[in-house]
Amino acid sequence: MTGRLVFLGLLLICVAAAATEKSGQMRKPSCPTMDDLNACPLNYAPICATDGNTYPNECALCVRRATTKMDILIVKEGNC
């Protein structure tokens, strides 16, 4: 009986960890009004997007979304 409880407890922890990890994925970038498409900062904070590309920062992804009219989402922070 104790073995089953330990197993179920560990299973619950694994499921909760997987749900937490996936909750941060596939989010929309926070794009301000894109009046000037060349006004992105030059900071390097790579973003991996659903189109398989790594963008130098979230603003660059917003520019790509605006120019292509595609709904590109953020998969994760960092390189693809």
# chains A, B, ... in the order shown; residues from 1 in each chain; ligands from 1
>>> residues_around(residues="Arg65 (chain A)", least_positions_apart="5", cutoff="12 Å", atoms="only C-alpha atoms", output="PyMOL selection string")
chain A and resi 28-32+34+37+49-51+55+58-60+70-74
>>> closest_residue(among="A:Leu61, A:Met26, A:Ile47, A:Ala66", to="Cys80 (chain A)", atoms="only C-alpha atoms")
A:Ile47
>>> select_by_dssp(residues="region 37-70 of chain A", states="strand (DSSP E or B)", output="ChimeraX atom specification")
/A:47-49,54-55
>>> atom_distance(atom1="CA of Ala45 (chain A)", atom2="CA of Asn57 (chain A)")
4.8 Å
>>> atom_distance(atom1="CA of Val63 (chain A)", atom2="CA of Asn43 (chain A)")
14.9 Å
>>> atom_distance(atom1="CA of Gly78 (chain A)", atom2="CA of Cys48 (chain A)")
6.0 Å
